[in-house]
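Student: For reference, the file entry_11.cif (mmCIF, C-alpha atoms) is included below:
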data_model
loop_
_atom_site.label_atom_id
_atom_site.label_comp_id
_atom_site.auth_asym_id
_atom_site.auth_seq_id
_atom_site.Cartn_x
_atom_site.Cartn_y
_atom_site.Cartn_z
CA MET M 1315 77.43 -148.62 44.59
CA LYS M 1316 77.35 -144.85 44.22
CA PHE M 1317 74.68 -142.36 45.26
CA SER M 1318 73.98 -138.63 45.18
CA VAL M 1319 71.90 -136.46 47.53
CA ILE M 1320 70.22 -133.22 46.42
CA THR M 1321 69.00 -130.96 49.24
CA PHE M 1322 66.44 -128.14 49.11
CA GLY M 1323 65.21 -125.81 51.82
CA CYS M 1324 65.99 -125.29 55.45
CA GLN M 1325 68.92 -126.06 57.74
CA MET M 1326 67.00 -129.01 59.16
CA ASN M 1327 67.03 -130.57 55.71
CA VAL M 1328 70.78 -129.96 55.49
CA ALA M 1329 71.27 -131.74 58.83
CA ASP M 1330 69.00 -134.61 57.72
CA SER M 1331 70.91 -135.03 54.45
CA ASN M 1332 74.25 -135.03 56.26
CA TRP M 1333 73.03 -137.86 58.50
CA LEU M 1334 71.70 -139.80 55.52
CA ILE M 1335 75.04 -139.52 53.70
CA LEU M 1336 77.01 -140.73 56.72
CA SER M 1337 74.63 -143.63 57.36
CA LEU M 1338 74.81 -144.84 53.74
CA GLN M 1339 78.58 -144.48 53.68
CA LYS M 1340 78.80 -146.61 56.83
CA ARG M 1341 76.99 -149.35 54.89
CA GLY M 1342 79.54 -149.26 52.09
CA PHE M 1343 77.85 -146.90 49.61
CA THR M 1344 79.97 -144.19 47.96
CA LEU M 1345 78.84 -140.58 47.70
CA THR M 1346 79.42 -139.00 44.31
CA LEU M 1347 78.93 -135.39 43.29
CA LYS M 1348 78.64 -136.54 39.66
CA GLU M 1349 74.98 -137.52 39.28
CA LYS M 1350 75.67 -139.33 35.99
CA GLU M 1351 77.74 -141.86 37.99
CA ALA M 1352 75.08 -142.47 40.66
CA ASP M 1353 73.18 -145.76 40.93
CA PHE M 1354 70.46 -143.92 42.83
CA VAL M 1355 69.70 -140.31 43.74
CA LEU M 1356 67.90 -139.05 46.84
CA LEU M 1357 66.13 -135.68 46.90
CA ASN M 1358 65.49 -134.06 50.28
CA THR M 1359 62.79 -131.51 49.52
CA CYS M 1360 61.02 -128.41 50.80
CA SER M 1361 57.42 -127.26 50.25
CA VAL M 1362 57.26 -124.19 52.48
CA ARG M 1363 56.89 -122.05 49.36
CA GLU M 1364 55.68 -122.78 45.87
CA LYS M 1365 58.86 -122.40 43.83
CA PRO M 1366 60.95 -125.07 45.64
CA GLU M 1367 58.11 -127.55 45.15
CA GLN M 1368 58.01 -126.91 41.40
CA LYS M 1369 61.78 -127.26 41.28
CA VAL M 1370 61.49 -130.78 42.71
CA TYR M 1371 59.37 -131.90 39.75
CA SER M 1372 61.90 -130.37 37.39
CA GLU M 1373 64.79 -132.08 39.16
CA ILE M 1374 63.15 -135.51 39.04
CA GLY M 1375 62.35 -135.03 35.36
CA ARG M 1376 66.04 -134.57 34.61
CA PHE M 1377 66.68 -138.21 35.46
CA ARG M 1378 64.23 -139.77 33.00
CA LYS M 1379 66.87 -140.17 30.30
CA LYS M 1380 69.31 -141.75 32.75
CA TRP M 1381 66.66 -144.27 33.81
CA GLU M 1382 65.79 -145.10 30.19
CA GLN M 1383 69.46 -145.88 29.59
CA ASN M 1384 69.82 -147.78 32.87
CA PRO M 1385 66.51 -149.29 34.18
CA SER M 1386 68.13 -150.28 37.50
CA PHE M 1387 68.68 -146.60 38.37
CA PHE M 1388 66.12 -145.10 40.74
CA VAL M 1389 65.21 -141.94 42.63
CA GLY M 1390 64.03 -141.47 46.22
CA VAL M 1391 62.06 -138.38 47.27
CA GLY M 1392 62.00 -137.28 50.90
CA GLY M 1393 61.37 -134.22 53.02
CA CYS M 1394 58.25 -132.07 52.98
CA VAL M 1395 57.31 -132.57 49.31
CA GLY M 1396 57.90 -136.31 49.73
CA GLN M 1397 55.39 -136.31 52.60
CA GLN M 1398 52.97 -133.99 50.79
CA ILE M 1399 52.77 -135.77 47.43
CA GLY M 1400 53.62 -139.24 48.73
CA GLU M 1401 52.80 -142.12 46.42
CA GLY M 1402 51.67 -139.63 43.79
CA PHE M 1403 55.32 -139.61 42.72
CA PHE M 1404 55.00 -143.31 41.82
CA GLU M 1405 52.22 -142.50 39.36
CA ARG M 1406 54.07 -139.60 37.74
CA PHE M 1407 57.62 -141.00 37.61
CA PRO M 1408 58.20 -144.75 37.03
CA TYR M 1409 61.78 -144.49 38.32
CA VAL M 1410 60.80 -143.03 41.71
CA ARG M 1411 60.86 -146.10 43.93
CA LEU M 1412 61.07 -144.56 47.40
CA VAL M 1413 59.11 -141.73 49.05
CA PHE M 1414 59.62 -140.76 52.68
CA GLY M 1415 58.75 -138.03 55.15
CA THR M 1416 60.96 -136.67 57.90
CA ASP M 1417 59.62 -139.19 60.43
CA GLY M 1418 60.52 -142.01 58.04
CA LEU M 1419 64.07 -140.81 57.39
CA TYR M 1420 65.62 -143.10 60.01
CA LEU M 1421 64.44 -146.15 58.04
CA VAL M 1422 65.79 -145.02 54.65
CA PRO M 1423 69.22 -146.76 54.72
CA ASP M 1424 67.54 -150.14 55.45
CA LYS M 1425 64.97 -149.56 52.72
CA ILE M 1426 67.64 -148.60 50.16
CA GLU M 1427 69.23 -152.02 50.65
CA GLU M 1428 65.80 -153.63 50.32
CA LEU M 1429 65.14 -151.84 47.02
CA LEU M 1430 68.47 -153.01 45.65
CA ASN M 1431 67.64 -156.61 46.57
CA PHE M 1432 64.13 -156.40 45.07
CA PRO M 1433 64.46 -154.33 41.86
CA HIS M 1434 60.71 -154.09 41.15
CA LYS M 1435 59.67 -153.02 44.63
CA ARG M 1436 58.51 -149.52 45.63
CA ILE M 1437 58.41 -148.30 49.22
CA SER M 1438 56.66 -145.42 50.99
CA LEU M 1439 57.57 -144.24 54.49
CA LEU M 1440 54.89 -141.64 55.19
CA SER M 1441 53.50 -142.48 58.64
CA PHE M 1442 53.99 -140.05 61.51
CA GLU M 1443 55.54 -141.63 64.58
CA ASP M 1444 54.26 -141.15 68.15
CA PHE M 1445 57.81 -140.44 69.33
CA TYR M 1446 60.94 -138.62 68.17
CA PRO M 1447 62.38 -141.08 65.61
CA GLU M 1448 65.94 -141.35 66.94
CA ARG M 1449 68.42 -142.31 64.24
CA GLU M 1450 71.46 -144.52 64.01
CA LYS M 1451 74.43 -142.78 65.65
CA VAL M 1452 76.84 -141.95 62.85
CA PHE M 1453 79.34 -139.10 63.04
CA PRO M 1454 82.05 -137.86 60.68
CA GLU M 1455 85.64 -138.70 61.66
CA LYS M 1456 86.34 -134.98 61.47
CA ALA M 1457 83.38 -132.69 62.05
CA ASP M 1458 82.87 -129.41 60.24
CA VAL M 1459 83.86 -126.38 62.31
CA SER M 1460 80.18 -125.28 62.37
CA VAL M 1461 77.48 -127.98 62.69
CA PHE M 1462 73.70 -128.33 63.00
CA VAL M 1463 71.99 -130.53 65.61
CA ASN M 1464 68.24 -131.27 65.48
CA ILE M 1465 66.57 -131.13 68.90
CA MET M 1466 62.93 -131.57 67.86
CA GLN M 1467 60.65 -132.45 64.97
CA GLY M 1468 57.34 -131.07 63.76
CA CYS M 1469 55.12 -128.20 64.89
CA ASP M 1470 51.88 -127.73 66.86
CA ASN M 1471 51.11 -124.12 65.89
CA PHE M 1472 49.15 -124.56 62.63
CA CYS M 1473 49.70 -120.99 61.43
CA ALA M 1474 47.19 -120.26 58.68
CA TYR M 1475 49.77 -120.11 55.87
CA CYS M 1476 52.12 -122.92 56.93
CA ILE M 1477 52.26 -126.47 55.62
CA VAL M 1478 54.86 -127.71 58.15
CA PRO M 1479 52.45 -129.41 60.63
CA PHE M 1480 51.03 -131.40 57.70
CA THR M 1481 54.41 -132.43 56.25
CA ARG M 1482 56.50 -132.82 59.43
CA GLY M 1483 53.78 -133.79 61.90
CA ARG M 1484 53.15 -132.70 65.47
CA GLN M 1485 55.93 -131.43 67.69
CA LYS M 1486 58.16 -134.10 69.26
CA SER M 1487 61.10 -133.09 71.45
CA ARG M 1488 64.25 -135.16 71.44
CA PHE M 1489 65.56 -136.51 74.76
CA LYS M 1490 68.23 -134.30 76.33
CA ALA M 1491 70.71 -137.18 76.68
CA GLU M 1492 70.60 -137.85 72.92
CA VAL M 1493 71.14 -134.17 72.09
CA LEU M 1494 74.06 -133.88 74.50
CA THR M 1495 75.70 -137.06 73.21
CA GLU M 1496 75.59 -135.76 69.66
CA CYS M 1497 76.85 -132.30 70.61
CA LYS M 1498 79.72 -133.64 72.73
CA THR M 1499 80.81 -136.07 70.02
CA LEU M 1500 80.82 -133.38 67.35
CA VAL M 1501 82.87 -131.02 69.54
CA GLU M 1502 85.34 -133.82 70.32
CA ARG M 1503 85.72 -134.31 66.56
CA GLY M 1504 86.48 -130.68 65.79
CA ALA M 1505 83.24 -128.65 65.82
CA LYS M 1506 83.60 -125.22 67.44
CA GLU M 1507 80.10 -123.89 66.75
CA ILE M 1508 76.77 -125.68 67.19
CA THR M 1509 73.38 -124.47 65.95
CA LEU M 1510 70.42 -126.19 67.62
CA LEU M 1511 67.57 -126.69 65.16
CA GLY M 1512 63.80 -127.03 65.37
CA GLN M 1513 60.69 -125.76 63.61
CA ASN M 1514 60.02 -123.71 66.76
CA VAL M 1515 63.21 -124.40 68.64
CA ASN M 1516 62.37 -122.48 71.81
CA SER M 1517 59.20 -124.51 72.34
CA TYR M 1518 61.45 -127.54 72.95
CA GLY M 1519 60.16 -129.57 75.88
CA GLN M 1520 56.63 -128.19 75.77
CA ASP M 1521 55.17 -131.32 74.15
CA LYS M 1522 54.35 -134.72 75.67
CA TYR M 1523 57.19 -136.51 73.91
CA GLY M 1524 60.17 -134.93 75.70
CA ASP M 1525 61.81 -135.89 78.99
CA GLY M 1526 60.80 -132.77 80.94
CA THR M 1527 63.85 -130.69 79.99
CA SER M 1528 63.09 -127.07 79.14
CA PHE M 1529 64.82 -125.23 76.33
CA ALA M 1530 66.65 -122.98 78.79
CA GLN M 1531 67.95 -126.04 80.66
CA LEU M 1532 69.11 -127.61 77.40
CA LEU M 1533 70.92 -124.40 76.38
CA ARG M 1534 72.77 -124.30 79.71
CA GLU M 1535 73.96 -127.89 79.39
CA VAL M 1536 75.03 -127.61 75.75
CA ALA M 1537 76.83 -124.33 76.56
CA SER M 1538 78.85 -126.11 79.26
CA ILE M 1539 80.40 -128.63 76.82
CA HIS M 1540 84.18 -128.37 77.03
CA GLY M 1541 85.69 -127.04 73.82
CA LEU M 1542 82.52 -125.45 72.45
CA LYS M 1543 83.24 -121.86 71.38
CA ARG M 1544 79.90 -120.74 69.94
CA LEU M 1545 76.25 -121.73 70.38
CA ARG M 1546 73.26 -120.62 68.28
CA PHE M 1547 69.67 -121.76 67.80
CA THR M 1548 66.99 -121.35 65.12
CA THR M 1549 64.14 -120.90 64.36
CA SER M 1550 62.33 -119.24 67.28
CA HIS M 1551 58.63 -118.45 67.63
CA PRO M 1552 57.99 -115.16 69.46
CA LYS M 1553 55.14 -116.62 71.52
CA ASP M 1554 57.46 -119.20 73.12
CA LEU M 1555 60.51 -117.02 73.79
CA SER M 1556 60.72 -117.18 77.60
CA LEU M 1557 62.30 -114.64 79.95
CA GLU M 1558 64.66 -117.38 81.13
CA VAL M 1559 65.99 -117.89 77.62
CA ILE M 1560 66.24 -114.13 77.09
CA ARG M 1561 68.36 -113.82 80.25
CA LEU M 1562 70.75 -116.50 78.96
CA PHE M 1563 71.93 -114.12 76.23
CA GLY M 1564 73.52 -112.09 79.00
CA GLU M 1565 74.72 -115.08 81.05
CA LEU M 1566 76.14 -117.70 78.68
CA GLU M 1567 79.48 -116.66 77.22
CA VAL M 1568 79.25 -119.02 74.23
CA LEU M 1569 75.68 -118.03 73.26
CA CYS M 1570 76.13 -115.76 70.25
CA PRO M 1571 74.50 -112.29 70.31
CA HIS M 1572 72.28 -112.93 67.32
CA LEU M 1573 68.68 -114.11 67.11
CA HIS M 1574 66.52 -114.98 64.12
CA LEU M 1575 63.02 -114.05 65.29
CA PRO M 1576 60.32 -114.31 62.59
CA LEU M 1577 57.91 -111.38 62.58
CA GLN M 1578 55.99 -112.32 59.38
CA VAL M 1579 53.93 -109.07 59.42
CA GLY M 1580 53.63 -105.93 61.55
CA SER M 1581 49.83 -105.69 61.53
CA ASP M 1582 47.98 -107.03 64.58
CA ARG M 1583 44.94 -107.70 62.41
CA ILE M 1584 46.87 -109.91 60.02
CA LEU M 1585 48.86 -111.56 62.83
CA LYS M 1586 45.56 -112.63 64.40
CA ILE M 1587 44.23 -114.02 61.11
CA MET M 1588 47.53 -115.86 60.65
CA GLY M 1589 47.15 -117.41 64.12
CA ARG M 1590 50.57 -116.19 65.27
CA LYS M 1591 49.45 -115.62 68.92
CA TYR M 1592 51.40 -112.42 69.52
CA THR M 1593 50.93 -108.73 68.76
CA LYS M 1594 53.27 -106.11 67.38
CA LYS M 1595 53.66 -104.70 70.90
CA LYS M 1596 54.56 -108.09 72.37
CA TYR M 1597 57.11 -108.63 69.60
CA LEU M 1598 58.70 -105.22 70.20
CA ASP M 1599 58.69 -105.86 73.97
CA LEU M 1600 60.70 -109.03 73.34
CA ILE M 1601 63.20 -107.07 71.26
CA GLU M 1602 63.58 -104.54 74.09
CA LYS M 1603 64.08 -107.27 76.72
CA LEU M 1604 66.68 -108.98 74.55
CA ARG M 1605 68.59 -105.73 74.11
CA LEU M 1606 68.54 -105.16 77.86
CA ALA M 1607 69.96 -108.65 78.40
CA ARG M 1608 72.57 -108.28 75.63
CA PRO M 1609 72.93 -104.70 74.33
CA ASP M 1610 74.96 -105.71 71.27
CA ILE M 1611 72.51 -108.37 70.08
CA SER M 1612 71.51 -108.33 66.39
CA PHE M 1613 68.30 -109.56 64.80
CA THR M 1614 67.21 -111.14 61.54
CA THR M 1615 63.65 -112.08 60.64
CA ASP M 1616 61.16 -113.65 58.19
CA LEU M 1617 58.50 -111.55 56.45
CA ILE M 1618 55.47 -112.43 54.32
CA VAL M 1619 54.08 -109.86 51.88
CA GLY M 1620 50.54 -110.01 50.50
CA PHE M 1621 48.81 -112.37 52.93
CA PRO M 1622 45.09 -112.65 52.07
CA GLY M 1623 43.28 -109.46 53.07
CA GLU M 1624 46.45 -107.43 53.64
CA THR M 1625 45.75 -103.73 53.02
CA GLU M 1626 48.20 -100.94 52.30
CA GLU M 1627 47.84 -99.85 55.93
CA ASP M 1628 48.65 -103.37 57.15
CA PHE M 1629 51.74 -103.40 54.94
CA LYS M 1630 52.89 -100.00 56.21
CA GLN M 1631 52.84 -101.38 59.75
CA THR M 1632 55.33 -104.05 58.65
CA LEU M 1633 57.59 -101.33 57.25
CA GLU M 1634 57.24 -99.47 60.54
CA VAL M 1635 58.54 -102.46 62.53
CA LEU M 1636 61.51 -102.76 60.16
CA GLN M 1637 62.43 -99.17 60.92
CA ILE M 1638 61.98 -99.61 64.69
CA VAL M 1639 63.93 -102.86 65.08
CA GLU M 1640 66.46 -102.33 62.27
CA PHE M 1641 66.93 -106.00 61.42
CA GLU M 1642 70.35 -106.73 59.98
CA ASN M 1643 68.72 -108.94 57.37
CA ALA M 1644 65.23 -110.12 56.51
CA TYR M 1645 64.13 -113.13 54.47
CA SER M 1646 61.07 -111.78 52.67
CA PHE M 1647 58.64 -113.58 50.38
CA LYS M 1648 55.37 -113.08 48.58
CA TYR M 1649 52.54 -115.11 50.09
CA SER M 1650 51.68 -118.26 48.12
CA ASP M 1651 48.90 -120.79 48.80
CA ARG M 1652 50.05 -124.08 50.32
CA PRO M 1653 47.71 -127.08 49.98
CA GLY M 1654 45.62 -127.92 53.03
CA THR M 1655 46.28 -124.71 54.95
CA ARG M 1656 43.55 -122.39 56.21
CA ALA M 1657 44.90 -119.48 54.18
CA GLU M 1658 44.49 -121.44 50.95
CA LYS M 1659 40.71 -121.25 51.41
CA MET M 1660 40.63 -117.56 52.35
CA GLU M 1661 39.10 -114.92 50.12
CA ASN M 1662 40.45 -111.42 49.46
CA LYS M 1663 43.63 -112.69 47.85
CA VAL M 1664 46.06 -109.85 47.13
CA PRO M 1665 46.74 -109.43 43.37
CA GLU M 1666 50.15 -110.64 42.23
CA GLU M 1667 51.19 -107.21 40.95
CA VAL M 1668 50.40 -105.66 44.36
CA LYS M 1669 52.38 -108.33 46.17
CA GLN M 1670 55.33 -107.77 43.87
CA GLU M 1671 55.24 -103.99 44.31
CA ARG M 1672 55.11 -104.31 48.10
CA LEU M 1673 57.94 -106.83 48.13
CA ILE M 1674 60.14 -104.45 46.13
CA ARG M 1675 59.43 -101.61 48.57
CA LEU M 1676 60.07 -103.78 51.60
CA GLN M 1677 63.32 -105.18 50.24
CA ALA M 1678 64.54 -101.71 49.25
CA LEU M 1679 63.98 -100.48 52.81
CA GLN M 1680 65.68 -103.54 54.26
CA GLU M 1681 68.71 -103.07 52.00
CA LYS M 1682 69.13 -99.52 53.28
CA ILE M 1683 68.96 -100.73 56.87
CA THR M 1684 71.40 -103.57 56.20
CA GLN M 1685 73.89 -101.19 54.62
CA LYS M 1686 73.57 -98.79 57.55
CA LYS M 1687 74.18 -101.59 60.06
CA TYR M 1688 77.09 -103.08 58.10
CA LYS M 1689 78.82 -99.71 57.62
CA GLN M 1690 78.74 -99.24 61.40
CA VAL M 1691 80.98 -102.30 61.72
CA VAL M 1692 83.75 -100.98 59.44
CA GLY M 1693 86.90 -100.30 61.43
CA LYS M 1694 85.93 -102.59 64.31
CA GLU M 1695 87.88 -105.65 65.44
CA GLU M 1696 86.00 -108.95 65.52
CA GLU M 1697 86.63 -112.64 66.00
CA VAL M 1698 85.69 -114.57 62.87
CA LEU M 1699 85.20 -118.34 62.67
CA ILE M 1700 86.60 -119.41 59.30
CA GLU M 1701 84.29 -121.99 57.71
CA THR M 1702 85.33 -122.48 54.09
CA ILE M 1703 87.74 -121.48 51.38
CA SER M 1704 86.05 -119.16 48.90
CA LYS M 1705 85.22 -120.26 45.38
CA ARG M 1706 86.70 -117.03 44.10
CA GLN M 1707 90.48 -117.08 44.24
CA GLY M 1708 93.06 -114.66 42.86
CA GLY M 1709 96.24 -112.84 43.77
CA THR M 1710 98.98 -114.20 46.01
CA ASN M 1711 96.77 -114.94 49.05
CA LEU M 1712 94.03 -117.50 49.65
CA HIS M 1713 90.46 -116.25 50.08
CA PHE M 1714 88.27 -117.51 52.94
CA ARG M 1715 84.71 -117.14 54.18
CA GLY M 1716 83.66 -117.06 57.82
CA ARG M 1717 81.11 -115.59 60.23
CA ASP M 1718 81.41 -113.24 63.15
CA LEU M 1719 79.56 -113.54 66.47
CA TRP M 1720 76.55 -111.73 64.96
CA ASN M 1721 76.32 -114.29 62.11
CA ARG M 1722 77.51 -111.82 59.48
CA VAL M 1723 79.50 -113.26 56.58
CA VAL M 1724 83.10 -111.99 56.53
CA ASN M 1725 85.46 -112.52 53.59
CA ILE M 1726 89.17 -112.64 54.41
CA GLU M 1727 92.50 -113.15 52.64
CA SER M 1728 95.39 -115.06 54.21
CA SER M 1729 98.75 -116.40 53.11
CA ARG M 1730 98.04 -119.71 54.90
CA ASP M 1731 95.10 -122.08 55.27
CA ILE M 1732 93.05 -120.79 58.25
CA ARG M 1733 89.96 -122.97 57.84
CA GLY M 1734 88.51 -124.00 61.20
CA GLU M 1735 90.27 -121.25 63.12
CA LEU M 1736 88.94 -118.36 65.17
CA VAL M 1737 90.78 -115.37 63.73
CA LYS M 1738 91.06 -111.78 64.94
CA VAL M 1739 89.98 -109.54 62.07
CA ARG M 1740 89.60 -105.83 61.42
CA ILE M 1741 86.57 -105.05 59.23
CA THR M 1742 87.67 -102.93 56.26
CA GLU M 1743 84.63 -102.81 53.96
CA ALA M 1744 80.85 -103.34 53.93
CA LYS M 1745 79.43 -105.11 50.89
CA LYS M 1746 75.73 -105.55 50.08
CA HIS M 1747 75.31 -108.79 52.04
CA SER M 1748 78.72 -109.38 53.59
CA LEU M 1749 81.78 -107.77 55.14
CA VAL M 1750 85.45 -107.73 54.15
CA GLY M 1751 88.15 -108.03 56.79
CA GLU M 1752 91.89 -108.28 57.20
CA VAL M 1753 93.68 -110.61 59.60
CA MET M 1754 95.31 -108.75 62.47
#
Please rewrite the model in this file as structure tokens.
Tutor:
Amino acid sequence: MKFSVITFGCQMNVADSNWLILSLQKRGFTLTLKEKEADFVLLNTCSVREKPEQKVYSEIGRFRKKWEQNPSFFVGVGGCVGQQIGEGFFERFPYVRLVFGTDGLYLVPDKIEELLNFPHKRISLLSFEDFYPEREKVFPEKADVSVFVNIMQGCDNFCAYCIVPFTRGRQKSRFKAEVLTECKTLVERGAKEITLLGQNVNSYGQDKYGDGTSFAQLLREVASIHGLKRLRFTTSHPKDLSLEVIRLFGELEVLCPHLHLPLQVGSDRILKIMGRKYTKKKYLDLIEKLRLARPDISFTTDLIVGFPGETEEDFKQTLEVLQIVEFENAYSFKYSDRPGTRAEKMENKVPEEVKQERLIRLQALQEKITQKKYKQVVGKEEEVLIETISKRQGGTNLHFRGRDLWNRVVNIESSRDIRGELVKVRITEAKKHSLVGEVM
């Protein structure tokens, strides 16, 4: 039987979908990229913001005609929207027969087989476990050159705007031995770069579910894996970024000099209402300490525009932090209500037109900073890890896409296939969101 998987949202969802595909393939199912050929389709969803959630409904609706033509066809909905809406999908779509949250993912392959044996059955996997739900160990015969490894699940912070604690549950750290086994196996099978993933990855080990290993200890042990060339982690919460982890940027050779550190806003007043548990000064102090540990480190961030009660002065303080830190990139979004969060019930909502105007100003400033930072790289020599062959091809050479140590996208031409290689490159041009280089 054939199946398709459609993935929305974060890198954790990408990692979850990759595991799901491998587990189903091990059981004899065949992955197809042609949805019209699929006997069932699984959607791994995201509800952090409003638009991805609406897209899920649209995606499911596309399959109604296919189900009408083939009543044995079905859809499964997982991830954050699966947890949020739950059995409501059963009422809205007769061909949705499986809903599951992230804690229920490990049971999905068994339940798929059950649904195929009982064609009128519908199954929901929405309970939160009291432990990290370790999954069947399945690995690709040949790993991608850059891979993601989940080290934790859920979140305990309950920021006012965030739905994650309600859709992914409370924080549960994975045992160190399981993380190391997965990392070592992937490196043995060809991975050269590992990104450790968690909702608040640097709070790993601070919950009651772990084995006592701190995040700094885990980083040291993963970094020591023979054959590993690069190590990254995301996403970090500023309140849990320890001095020990900061020092590791200057001590661990394989730890890349790039950190994604969400700011959200630059106003202390709004940060307090959000429940972020740090101030602008503390955030900037962290940036300074990181630059002392690793002077060439680069930063990216997340920003929210138009949180309830945000004034023009609050917004200007966000712009001020952009100018001080000079993030290489920022993922910026207009605030949108998420069901069940504290911010949903707040008054003083910022009008849509004001949010849009502020977002345009913020993104214009960030584009200027990004261009400044990227132009500074032109002429320099860097080592680029080649990940994929580009979709755009032309001329006599092949076109490839990779990333440098600072996580910047670099496009390269070569007369031979260099996928999976670490290549010495001279940067020749700065584009809007990427660099162009030539092989040395």
Student: Neighbours of Phe1387 (chain M) within 9 Å (only C-alpha atoms; same-chain residues fewer than 4 positions away dropped), as a count of residues only?
Tutor: 9
Student: Near region 1676-1689 of chain M, within 12 Å and counting all atoms listed in the file, which residues show up once chain neighbours fewer than 6 positions away are dropped, as a ChimeraX atom specification?
Tutor: /M:1579,1610,1612-1620,1629-1648,1669-1670,1720-1724,1741-1750
Student: Kindly resolve the PyMOL selection byres ((chain M and resi 1654-1665) around 8) on the present coordinates and return the residues as JSON, numbers by chain.
Tutor: {"M": [1474, 1475, 1476, 1477, 1480, 1588, 1620, 1621, 1622, 1623, 1624, 1651, 1652, 1653, 1666, 1667, 1668, 1669]}
Student: Point out the residue among M:Leu1357, M:Leu1345, M:Leu1412, M:Ala1607 with the least atom-to-atom distance to Val1328 (chain M), counting all atoms listed in the file.
Tutor: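 Among the listed residues, M:Leu1357 lies closest to Val1328 (chain M).
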Student: To one decimal place in Å, what is the distance between CA of Phe1403 (chain M) and CA of Arg1484 (chain M)?
Tutor: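 Here the two named atoms are 23.9 Å from each other.
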Student: Using only C-alpha atoms, find the one residue out of M:Met1315, M:Leu1439, M:Leu1719, M:Val1737 that sits nearest to Val1568 (chain M).
Tutor: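 Ranked by minimum distance to Val1568 (chain M), first place goes to M:Leu1719.
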Student: Taking the file as shown, what set of residues would the PyMOL selection byres ((chain M and resi 1699) around 8) give back, as number ranges by chain?
Tutor: M: 1697-1698, 1700-1701, 1716-1718, 1734-1737
Student: Can you list, as a PyMOL selection string, the residues that the PyMOL selection byres ((chain M and resi 1519) around 12) selects here?
Tutor: chain M and resi 1446+1465-1467+1485-1490+1512+1514-1518+1520-1533+1554
Student: List the neighbours of Arg1740 (chain M) out to 7 Å using all atoms listed in the file; skip same-chain residues closer than 4 positions along the sequence, and give me the result as a PyMOL selection string.
Tutor: chain M and resi 1693-1696+1751-1754
Student: Calculate how many Å separate CA of Gly1402 (chain M) from CA of Pro1433 (chain M), rounding to one decimal.
Tutor: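 Distance reported for this atom pair: 19.6 Å.
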Student: Between M:Ser1728, M:Gln1398, M:Ser1438, M:Ser1650, which is the closest to Gly1709 (chain M) once you count all atoms listed in the file?
Tutor: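 Nearest to Gly1709 (chain M): M:Ser1728.
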Student: Any idea what's packed within 8 Å of Gly1504 (chain M), counting only C-alpha atoms, ignoring anything in its chain fewer than 3 positions away? Could you give it as a PyMOL selection string?
Tutor: chain M and resi 1456-1459+1500-1501
Student: Using the selection just defined, write its residues with C-alpha atoms as a PDB file, in the coordinates of the input.
Tutor:
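Result file follows (selection07.pdb):
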ATOM      1  CA  LYS M1456      86.340-134.980  61.470  1.00  0.00           C
ATOM      2  CA  ALA M1457      83.380-132.690  62.050  1.00  0.00           C
ATOM      3  CA  ASP M1458      82.870-129.410  60.240  1.00  0.00           C
ATOM      4  CA  VAL M1459      83.860-126.380  62.310  1.00  0.00           C
ATOM      5  CA  LEU M1500      80.820-133.380  67.350  1.00  0.00           C
ATOM      6  CA  VAL M1501      82.870-131.020  69.540  1.00  0.00           C
TER       7      VAL M1501
END
